[in-house]
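Text of run_29.cif, listed as mmCIF, C-alpha atoms:
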```cif
data_model
#
loop_
_atom_site.label_atom_id
_atom_site.label_comp_id
_atom_site.auth_asym_id
_atom_site.auth_seq_id
_atom_site.Cartn_x
_atom_site.Cartn_y
_atom_site.Cartn_z
CA MET A 1 116.31 113.38 105.51
CA GLU A 2 116.24 115.62 102.45
CA THR A 3 118.39 113.26 100.38
CA GLN A 4 115.82 110.58 101.09
CA TYR A 5 113.13 112.68 99.42
CA ILE A 6 115.40 113.36 96.43
CA ALA A 7 115.94 109.61 96.09
CA LYS A 8 112.19 109.01 96.22
CA ALA A 9 111.60 111.63 93.50
CA LEU A 10 114.22 109.99 91.29
CA ILE A 11 112.57 106.61 91.81
CA ILE A 12 109.23 108.02 90.71
CA LEU A 13 110.90 109.33 87.56
CA SER A 14 111.79 105.76 86.63
CA MET A 15 108.09 104.97 86.37
CA VAL A 16 107.63 107.44 83.49
CA ALA A 17 108.28 104.98 80.69
CA THR A 18 105.87 102.36 82.03
CA ALA A 19 102.65 104.12 81.03
CA PRO A 20 103.57 104.55 77.33
CA ALA A 21 104.83 100.96 77.22
CA GLU A 22 101.61 99.56 78.64
CA ALA A 23 99.55 101.83 76.41
CA TRP A 24 101.45 100.56 73.41
CA VAL A 25 100.80 96.92 74.35
CA ALA A 26 97.10 97.66 74.89
CA ALA A 27 96.81 99.62 71.64
CA LYS A 28 98.41 96.86 69.60
CA ALA A 29 96.22 94.24 71.26
CA MET A 30 93.09 96.31 70.54
CA GLU A 31 94.19 96.72 66.93
CA ALA A 32 94.65 92.98 66.63
CA ILE A 33 91.25 92.27 68.21
CA GLY A 34 89.66 94.84 65.89
CA ARG A 35 91.18 93.19 62.89
CA ASN A 36 90.23 89.71 63.99
CA PRO A 37 87.50 89.73 66.66
CA GLU A 38 87.38 85.90 66.93
CA ALA A 39 90.95 85.89 68.25
CA GLY A 40 90.00 88.20 71.12
CA ASP A 41 89.76 85.40 73.69
CA SER A 42 93.26 84.19 72.94
CA ILE A 43 94.81 87.67 72.64
CA PHE A 44 93.44 89.06 75.90
CA PRO A 45 95.33 86.84 78.40
CA LYS A 46 98.53 87.30 76.41
CA MET A 47 98.00 91.05 76.55
CA ILE A 48 97.60 90.88 80.33
CA VAL A 49 100.83 88.89 80.70
CA ALA A 50 102.74 91.27 78.41
CA MET A 51 101.42 94.25 80.34
CA ALA A 52 102.48 92.66 83.61
CA ILE A 53 106.00 92.27 82.27
CA CYS A 54 106.02 95.90 81.13
CA GLU A 55 104.79 96.88 84.54
CA SER A 56 107.56 95.07 86.41
CA THR A 57 109.99 98.01 86.22
CA ALA A 58 107.44 100.24 87.88
CA ILE A 59 106.81 97.61 90.54
CA TYR A 60 110.52 97.36 91.35
CA ALA A 61 110.59 101.14 91.58
CA LEU A 62 107.57 101.04 93.88
CA VAL A 63 109.19 98.48 96.17
CA ALA A 64 112.37 100.56 96.26
CA PHE A 65 110.24 103.62 96.99
CA PHE A 66 108.81 101.98 100.09
CA ILE A 67 112.11 100.51 101.28
CA ILE A 68 114.03 103.82 101.12
CA MET B 1 86.90 119.82 110.39
CA GLN B 2 90.04 118.23 109.04
CA GLU B 3 90.04 115.70 111.87
CA PHE B 4 86.44 114.81 111.13
CA LEU B 5 86.94 114.23 107.41
CA SER B 6 90.14 112.24 107.53
CA PHE B 7 91.22 109.18 109.43
CA LYS B 8 94.89 108.88 110.31
CA ARG B 9 96.32 105.37 110.41
CA ASP B 10 99.89 104.13 110.50
CA ILE B 11 101.17 102.81 107.20
CA SER B 12 101.68 99.08 107.69
CA SER B 13 105.30 97.99 107.87
CA ILE B 14 106.89 96.38 104.84
CA GLY B 15 107.61 93.16 106.70
CA PRO B 16 105.27 90.99 108.76
CA SER B 17 105.37 91.17 112.55
CA THR B 18 106.02 88.13 114.68
CA ILE B 19 103.13 87.17 116.94
CA PHE B 20 104.74 84.29 118.83
CA GLU B 21 107.41 81.67 118.35
CA ILE B 22 107.27 77.88 118.35
CA GLY B 23 110.70 76.47 119.15
CA GLY B 24 112.49 79.45 117.63
CA PHE B 25 110.36 79.35 114.47
CA PRO B 26 108.58 82.70 114.25
CA ILE B 27 104.85 82.59 113.60
CA THR B 28 104.04 85.86 111.87
CA ASN B 29 100.67 87.40 111.21
CA SER B 30 100.82 86.39 107.54
CA THR B 31 101.42 82.78 108.59
CA LEU B 32 98.29 82.96 110.72
CA PHE B 33 96.44 84.41 107.75
CA MET B 34 97.58 81.57 105.51
CA VAL B 35 96.43 79.01 108.07
CA LEU B 36 93.07 80.82 108.29
CA VAL B 37 92.64 80.83 104.49
CA THR B 38 93.61 77.15 104.22
CA ILE B 39 91.20 76.09 106.97
CA LEU B 40 88.39 78.18 105.47
CA LEU B 41 89.02 76.70 102.03
CA ILE B 42 89.09 73.12 103.30
CA VAL B 43 85.90 73.60 105.30
CA PHE B 44 84.19 75.33 102.39
CA VAL B 45 85.20 72.63 99.91
CA VAL B 46 84.19 69.78 102.21
CA VAL B 47 80.81 71.35 102.97
CA ALA B 48 80.09 72.33 99.38
CA LEU B 49 81.12 69.03 97.85
CA ARG B 50 79.61 66.79 100.53
CA LYS B 51 77.20 65.23 98.09
CA LYS B 52 78.19 65.39 94.47
CA SER B 53 75.48 65.09 91.87
CA LEU B 54 75.13 65.37 88.12
CA ILE B 55 72.89 68.38 88.55
CA PRO B 56 75.03 70.57 90.80
CA GLY B 57 73.74 72.38 93.84
CA LYS B 58 74.80 75.92 94.70
CA GLY B 59 78.15 75.05 96.29
CA GLN B 60 79.10 72.53 93.68
CA ALA B 61 78.13 74.91 90.87
CA PHE B 62 80.37 77.59 92.38
CA PHE B 63 83.38 75.28 92.42
CA GLU B 64 82.62 74.08 88.90
CA ILE B 65 82.60 77.69 87.71
CA VAL B 66 85.92 78.39 89.44
CA TYR B 67 87.47 75.20 88.11
CA GLU B 68 86.34 75.87 84.56
CA ALA B 69 87.53 79.49 84.67
CA VAL B 70 90.99 78.43 85.88
CA GLU B 71 91.14 75.59 83.35
CA ARG B 72 90.18 77.92 80.49
CA GLN B 73 92.78 80.45 81.58
CA ILE B 74 95.53 77.83 81.66
CA ASN B 75 94.37 76.33 78.39
CA THR B 76 94.69 79.63 76.51
CA ILE B 77 98.40 79.61 77.36
CA THR B 78 99.27 75.93 77.05
CA ALA B 79 96.93 75.37 74.07
CA SER B 80 96.95 71.61 74.71
CA SER B 81 94.65 69.60 76.93
CA TYR B 82 97.50 67.26 77.94
CA HIS B 83 99.59 70.07 79.42
CA THR B 84 96.53 71.71 80.99
CA LYS B 85 95.55 68.50 82.75
CA ARG B 86 99.10 67.94 83.93
CA VAL B 87 99.71 71.39 85.35
CA LEU B 88 96.22 72.16 86.65
CA PRO B 89 96.59 70.71 90.19
CA ILE B 90 99.51 72.95 91.16
CA ILE B 91 98.73 76.10 89.19
CA GLY B 92 95.03 75.82 89.99
CA SER B 93 95.88 75.73 93.70
CA ILE B 94 98.14 78.76 93.28
CA PHE B 95 95.34 80.57 91.45
CA ILE B 96 92.80 79.83 94.19
CA PHE B 97 95.13 80.59 97.10
CA VAL B 98 96.43 83.85 95.65
CA GLY B 99 92.97 84.89 94.51
CA ILE B 100 91.37 84.31 97.90
CA SER B 101 94.26 86.02 99.69
CA ASN B 102 93.98 89.06 97.42
CA TYR B 103 90.22 89.31 97.85
CA PHE B 104 90.56 89.03 101.64
CA GLY B 105 92.40 92.35 101.43
CA LEU B 106 89.04 93.97 100.72
CA VAL B 107 87.39 92.57 103.85
CA PRO B 108 86.98 95.57 106.16
CA GLY B 109 88.23 95.33 109.71
CA LEU B 110 90.44 92.29 109.22
CA GLY B 111 93.55 94.31 110.09
CA SER B 112 91.83 95.75 113.17
CA ILE B 113 91.90 92.46 115.07
CA THR B 114 94.96 93.10 117.17
CA PHE B 115 96.90 91.09 119.70
CA ASP B 116 99.60 92.72 121.82
CA GLY B 117 99.40 95.86 119.67
CA LYS B 118 100.10 93.99 116.45
CA SER B 119 97.41 93.15 113.95
CA LEU B 120 96.71 89.44 114.07
CA PHE B 121 96.15 88.90 110.35
CA ARG B 122 98.11 90.34 107.47
CA ILE B 123 97.13 89.67 103.86
CA ALA B 124 99.54 86.90 102.92
CA THR B 125 100.22 88.21 99.41
CA SER B 126 101.25 91.63 100.74
CA ASP B 127 104.14 89.92 102.52
CA PHE B 128 107.19 89.30 100.36
CA ASN B 129 108.07 86.05 102.17
CA THR B 130 104.84 84.40 101.04
CA THR B 131 105.05 85.42 97.40
CA LEU B 132 108.74 84.52 97.14
CA GLY B 133 108.01 81.16 98.73
CA LEU B 134 105.14 80.47 96.32
CA ALA B 135 107.15 81.48 93.25
CA PHE B 136 110.28 79.64 94.36
CA GLY B 137 108.32 76.48 95.11
CA ALA B 138 106.67 76.65 91.71
CA ILE B 139 110.03 77.12 89.96
CA VAL B 140 111.46 74.09 91.79
CA VAL B 141 108.48 72.01 90.67
CA LEU B 142 109.00 73.17 87.07
CA HIS B 143 112.66 72.08 87.24
CA LEU B 144 111.52 68.65 88.46
CA VAL B 145 109.07 68.50 85.54
CA SER B 146 111.89 69.37 83.16
CA ILE B 147 114.13 66.66 84.67
CA LYS B 148 111.29 64.15 84.28
CA ASP B 149 110.72 65.09 80.63
CA PHE B 150 114.28 65.46 79.39
CA GLY B 151 116.26 63.43 81.93
CA LEU B 152 118.90 64.93 84.23
CA TRP B 153 121.50 65.13 81.46
CA GLY B 154 119.08 66.81 79.07
CA HIS B 155 117.99 69.24 81.76
CA ILE B 156 121.58 70.33 82.50
CA ASN B 157 122.21 70.66 78.77
CA LYS B 158 119.31 73.10 78.50
CA PHE B 159 121.32 75.54 80.61
CA ILE B 160 124.96 74.59 79.94
CA PRO B 161 125.19 73.02 76.47
CA ILE B 162 128.00 70.61 77.41
CA LYS B 163 127.48 68.54 74.27
CA GLN B 164 127.87 71.57 72.03
CA LEU B 165 130.89 72.76 74.00
CA GLY B 166 132.55 69.38 73.43
CA GLU B 167 131.95 69.64 69.70
CA ASP B 168 133.29 73.20 69.66
CA MET B 169 136.44 72.12 71.44
CA LYS B 170 137.44 69.90 68.53
CA LYS B 171 137.20 72.79 66.07
CA GLY B 172 140.00 75.28 65.77
CA GLY B 173 139.93 78.93 64.74
CA LEU B 174 137.36 81.13 66.43
CA ALA B 175 135.82 78.29 68.49
CA PRO B 176 137.22 79.46 71.88
CA ILE B 177 135.41 82.79 71.49
CA TYR B 178 132.13 81.02 70.77
CA MET B 179 132.68 78.77 73.77
CA PHE B 180 133.34 81.78 75.98
CA VAL B 181 130.10 83.42 74.81
CA THR B 182 128.18 80.17 75.33
CA ILE B 183 129.44 79.87 78.90
CA LEU B 184 128.52 83.51 79.59
CA ILE B 185 125.00 82.93 78.27
CA ALA B 186 124.76 79.79 80.41
CA CYS B 187 125.61 81.85 83.50
CA LEU B 188 122.97 84.39 82.52
CA ASP B 189 120.39 81.61 82.13
CA ILE B 190 121.14 80.27 85.60
CA VAL B 191 120.81 83.73 87.14
CA GLY B 192 117.65 84.19 85.05
CA GLU B 193 116.01 81.22 86.78
CA PHE B 194 116.36 82.99 90.13
CA ALA B 195 115.34 86.30 88.57
CA LYS B 196 112.13 84.65 87.34
CA ALA B 197 111.07 83.74 90.86
CA VAL B 198 112.08 87.12 92.26
CA SER B 199 110.39 89.18 89.55
CA VAL B 200 107.12 87.24 89.68
CA SER B 201 106.94 87.44 93.45
CA LEU B 202 107.96 91.11 93.62
CA ARG B 203 105.20 91.96 91.16
CA LEU B 204 102.47 90.38 93.25
CA PHE B 205 103.89 91.71 96.51
CA GLY B 206 104.39 95.22 95.13
CA ASN B 207 100.86 95.47 93.83
CA MET B 208 99.17 94.17 96.95
CA TYR B 209 101.33 96.17 99.36
CA ALA B 210 100.90 99.34 97.29
CA GLY B 211 97.15 98.80 97.40
CA ASP B 212 97.32 98.56 101.18
CA VAL B 213 99.45 101.70 101.52
CA LEU B 214 97.39 103.72 99.05
CA THR B 215 94.19 102.88 100.94
CA THR B 216 95.80 104.18 104.11
CA VAL B 217 96.96 107.37 102.38
CA LEU B 218 93.56 107.99 100.79
CA ILE B 219 91.76 107.51 104.10
CA GLY B 220 94.23 109.99 105.57
CA ILE B 221 93.31 112.58 102.95
CA PHE B 222 89.54 112.22 102.84
CA ALA B 223 87.85 109.31 104.53
CA PHE B 224 84.48 109.47 102.78
CA LEU B 225 83.59 108.28 99.28
CA LEU B 226 87.10 108.69 97.88
CA PRO B 227 88.48 105.32 99.14
CA SER B 228 85.47 103.48 97.71
CA PHE B 229 86.66 104.15 94.16
CA TRP B 230 90.05 102.77 95.08
CA VAL B 231 88.48 99.68 96.66
CA ALA B 232 86.43 99.12 93.49
CA PHE B 233 89.62 99.39 91.48
CA GLY B 234 91.28 97.07 93.98
CA MET B 235 88.74 94.36 93.15
CA LEU B 236 89.90 94.49 89.53
CA GLY B 237 93.53 94.64 90.61
CA ALA B 238 93.19 91.59 92.85
CA LEU B 239 91.77 89.55 89.97
CA VAL B 240 94.34 90.80 87.44
CA GLN B 241 97.28 90.09 89.76
CA THR B 242 95.97 86.57 90.40
CA ILE B 243 95.68 85.94 86.66
CA VAL B 244 99.12 87.41 86.00
CA PHE B 245 100.82 85.34 88.72
CA GLY B 246 99.20 82.11 87.57
CA SER B 247 99.70 82.86 83.90
CA LEU B 248 103.39 83.64 84.29
CA ILE B 249 103.95 80.38 86.17
CA THR B 250 102.13 78.59 83.33
CA VAL B 251 104.35 80.34 80.78
CA PHE B 252 107.44 79.18 82.71
CA TYR B 253 105.97 75.68 82.76
CA MET B 254 105.61 75.73 78.97
CA GLN B 255 109.26 76.74 78.68
CA ALA B 256 110.34 73.94 81.00
CA ALA B 257 108.09 71.08 79.87
CA GLY B 258 108.87 68.71 77.05
CA PRO B 259 106.63 68.04 74.05
CA GLU B 260 103.41 66.10 74.46
CA PRO B 261 103.96 62.32 74.21
CA GLY B 262 103.00 61.10 70.75
CA GLU B 263 103.73 64.51 69.31
CA LYS B 264 106.72 64.64 66.95
CA LYS B 265 109.65 66.75 68.11
#
```
Once more with this new file: its structure as structure tokens, please.
Amino acid sequence: METQYIAKALIILSMVATAPAEAWVAAKAMEAIGRNPEAGDSIFPKMIVAMAICESTAIYALVAFFII
Amino acid sequence: MQEFLSFKRDISSIGPSTIFEIGGFPITNSTLFMVLVTILLIVFVVVALRKKSLIPGKGQAFFEIVYEAVERQINTITASSYHTKRVLPIIGSIFIFVGISNYFGLVPGLGSITFDGKSLFRIATSDFNTTLGLAFGAIVVLHLVSIKDFGLWGHINKFIPIKQLGEDMKKGGLAPIYMFVTILIACLDIVGEFAKAVSVSLRLFGNMYAGDVLTTVLIGIFAFLLPSFWVAFGMLGALVQTIVFGSLITVFYMQAAGPEPGEKK
């Protein structure tokens, strides 16, 4: 039972890098929109897709968290 | 006091529960939910679009807004009206089905309708079988599109460059090493096709199931006011996950599809 909790804690650790990665994507997208506001409509969906891909590691970790 | 402020509920299981079986084929609660959503959609569409007019009524205007939003979303990725028109029927349906399923997760009391101790409806997108089925079906369709555009031979060559391997075979020197690397990359590409479907479906499933579990946990901590913030965030999350699922399928379509006819290669 205790090893299960250790495994869950380790899985949560794997989510650490996701937040900086997503923040970086968002920051770069905001910079680009700030530089060229007309391109905002075309940048925004691409930003969402890129963020989703960054997020996938965390989602796998989350699924593993629930399965264990 | 603690009992008054919190509401304990079992965390829903990661898999769906079987309600009954038809000839050995299990009908789960997410299947029932999908049938419910499909019937509701068909009825809604038929009623709203009973009489079409140039100046739309309320129902027609709603569907025109939805259609235009989906079309605009697909068009920002494909950036060509030909590809948008071609891919809209399937990806638009995925958008609408996933979107409605996600938003049904916010309907209160839907999980409380129970039959034989099991809840009768489970949000279809918080069941991995549904999302994997959707993603896998979409990937199969994209392969068919690729076969139609490039021909069967061209489609196989996209993964295993047989033509290039044949040319390499005639060369001497370091050519065997290049061939070995090419074959390894081909294997990776084939695995990658399956990984695409799995990653897209896991993303949608993980988000929706986590939303479900987190609601349960929050209600268990403090049942008043606190979950409402999470539900408000869930409305955003449902929309974002719909857009992400549809957009990623569109991106895969753009990788699979050939150039527009009339456009120079």
Explicit residue set for the PyMOL selection byres ((chain B) within 6 of (chain A)), as number ranges by chain: B: 76, 203, 206, 244
Print the selection's residues with C-alpha atoms to a file, as an mmCIF file, keeping the file's coordinate frame.
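The result, stored in again.cif:
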```cif
data_model
loop_
_atom_site.group_PDB
_atom_site.id
_atom_site.type_symbol
_atom_site.label_atom_id
_atom_site.label_comp_id
_atom_site.auth_asym_id
_atom_site.auth_seq_id
_atom_site.Cartn_x
_atom_site.Cartn_y
_atom_site.Cartn_z
ATOM 1 C CA THR B 76 94.690 79.630 76.510
ATOM 2 C CA ARG B 203 105.200 91.960 91.160
ATOM 3 C CA GLY B 206 104.390 95.220 95.130
ATOM 4 C CA VAL B 244 99.120 87.410 86.000
#
```
Assuming 8 Å of padding per side, give the centre and edge lengths of the axis-aligned box around every listed atom of segment 14-31 of chain A, in Å to one decimal and as JSON.
```
{"center_x": 102.4, "center_y": 100.8, "center_z": 76.8, "size_x": 34.7, "size_y": 29.2, "size_z": 35.7}
```
Computed interatomic separation between atom CA of Lys58 of chain B and atom CA of Leu40 of chain B (Å):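 About the pair atom CA of Lys58 of chain B and atom CA of Leu40 of chain B: they are 17.5 Å apart.
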Residues matched by the PyMOL selection byres ((chain B and resi 85) around 12), written as an NGL selection string: :B and (67-68 or 70-72 or 74-75 or 78-84 or 86-92 or 260)
Residues at most 9 Å from Ala257 of chain B, counting all atoms listed in the file, excluding those fewer than 4 positions away in the same chain, as a short mmCIF file (atom, residue, chain, number, x, y, z; two decimals) with C-alpha atoms, in the coordinates of the input?
```cif
data_model
loop_
_atom_site.label_atom_id
_atom_site.label_comp_id
_atom_site.auth_asym_id
_atom_site.auth_seq_id
_atom_site.Cartn_x
_atom_site.Cartn_y
_atom_site.Cartn_z
CA HIS B 83 99.59 70.07 79.42
CA LEU B 142 109.00 73.17 87.07
CA HIS B 143 112.66 72.08 87.24
CA VAL B 145 109.07 68.50 85.54
CA SER B 146 111.89 69.37 83.16
CA ILE B 147 114.13 66.66 84.67
CA LYS B 148 111.29 64.15 84.28
CA ASP B 149 110.72 65.09 80.63
CA PHE B 150 114.28 65.46 79.39
CA PHE B 252 107.44 79.18 82.71
CA TYR B 253 105.97 75.68 82.76
#
```
Output of the PyMOL selection byres ((chain B and resi 19) around 10), listed as a list of chain:residue names: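 Going through the file, the PyMOL selection byres ((chain B and resi 19) around 10) ends up selecting B:Pro16, B:Ser17, B:Thr18, B:Phe20, B:Glu21, B:Pro26, B:Ile27, B:Thr28, B:Asn29, B:Ser30, B:Thr31, B:Leu32, B:Phe115, B:Asp116, B:Gly117, B:Lys118, B:Ser119, B:Leu120, B:Phe121.
If you measure from each of B:Leu5, B:Val35, B:Leu144, B:Leu248 to Ile156 of chain B using all atoms listed in the file, the closest one turns out to be B:Leu144.
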Atom CA of Gly234 of chain B to atom CA of Lys28 of chain A, straight-line distance in Å: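 Between atom CA of Lys28 of chain A and atom CA of Gly234 of chain B the gap is 25.4 Å.
Interatomic distance, atom CA of Ser201 of chain B against atom CA of Ile243 of chain B: 13.2 Å.
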Phe159 of chain B surroundings by all atoms listed in the file, 9 Å radius, close-in-sequence under 2 positions cut, as a ChimeraX atom specification: /B:155-157,161-162,185-187,189-190
Please produce a file of those selected residues containing C-alpha atoms, as a PDB file, in the frame of the given file.
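Output contents, as saved in part33.pdb:
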```pdb
ATOM      1  CA  HIS B 155     117.990  69.240  81.760  1.00  0.00           C
ATOM      2  CA  ILE B 156     121.580  70.330  82.500  1.00  0.00           C
ATOM      3  CA  ASN B 157     122.210  70.660  78.770  1.00  0.00           C
ATOM      4  CA  PRO B 161     125.190  73.020  76.470  1.00  0.00           C
ATOM      5  CA  ILE B 162     128.000  70.610  77.410  1.00  0.00           C
ATOM      6  CA  ILE B 185     125.000  82.930  78.270  1.00  0.00           C
ATOM      7  CA  ALA B 186     124.760  79.790  80.410  1.00  0.00           C
ATOM      8  CA  CYS B 187     125.610  81.850  83.500  1.00  0.00           C
ATOM      9  CA  ASP B 189     120.390  81.610  82.130  1.00  0.00           C
ATOM     10  CA  ILE B 190     121.140  80.270  85.600  1.00  0.00           C
TER      11      ILE B 190
END
```
Top pick for closest residue to Phe128 of chain B, considering B:Leu54, B:Leu41, B:Leu239, B:Val198 and counting all atoms listed in the file: B:Val198
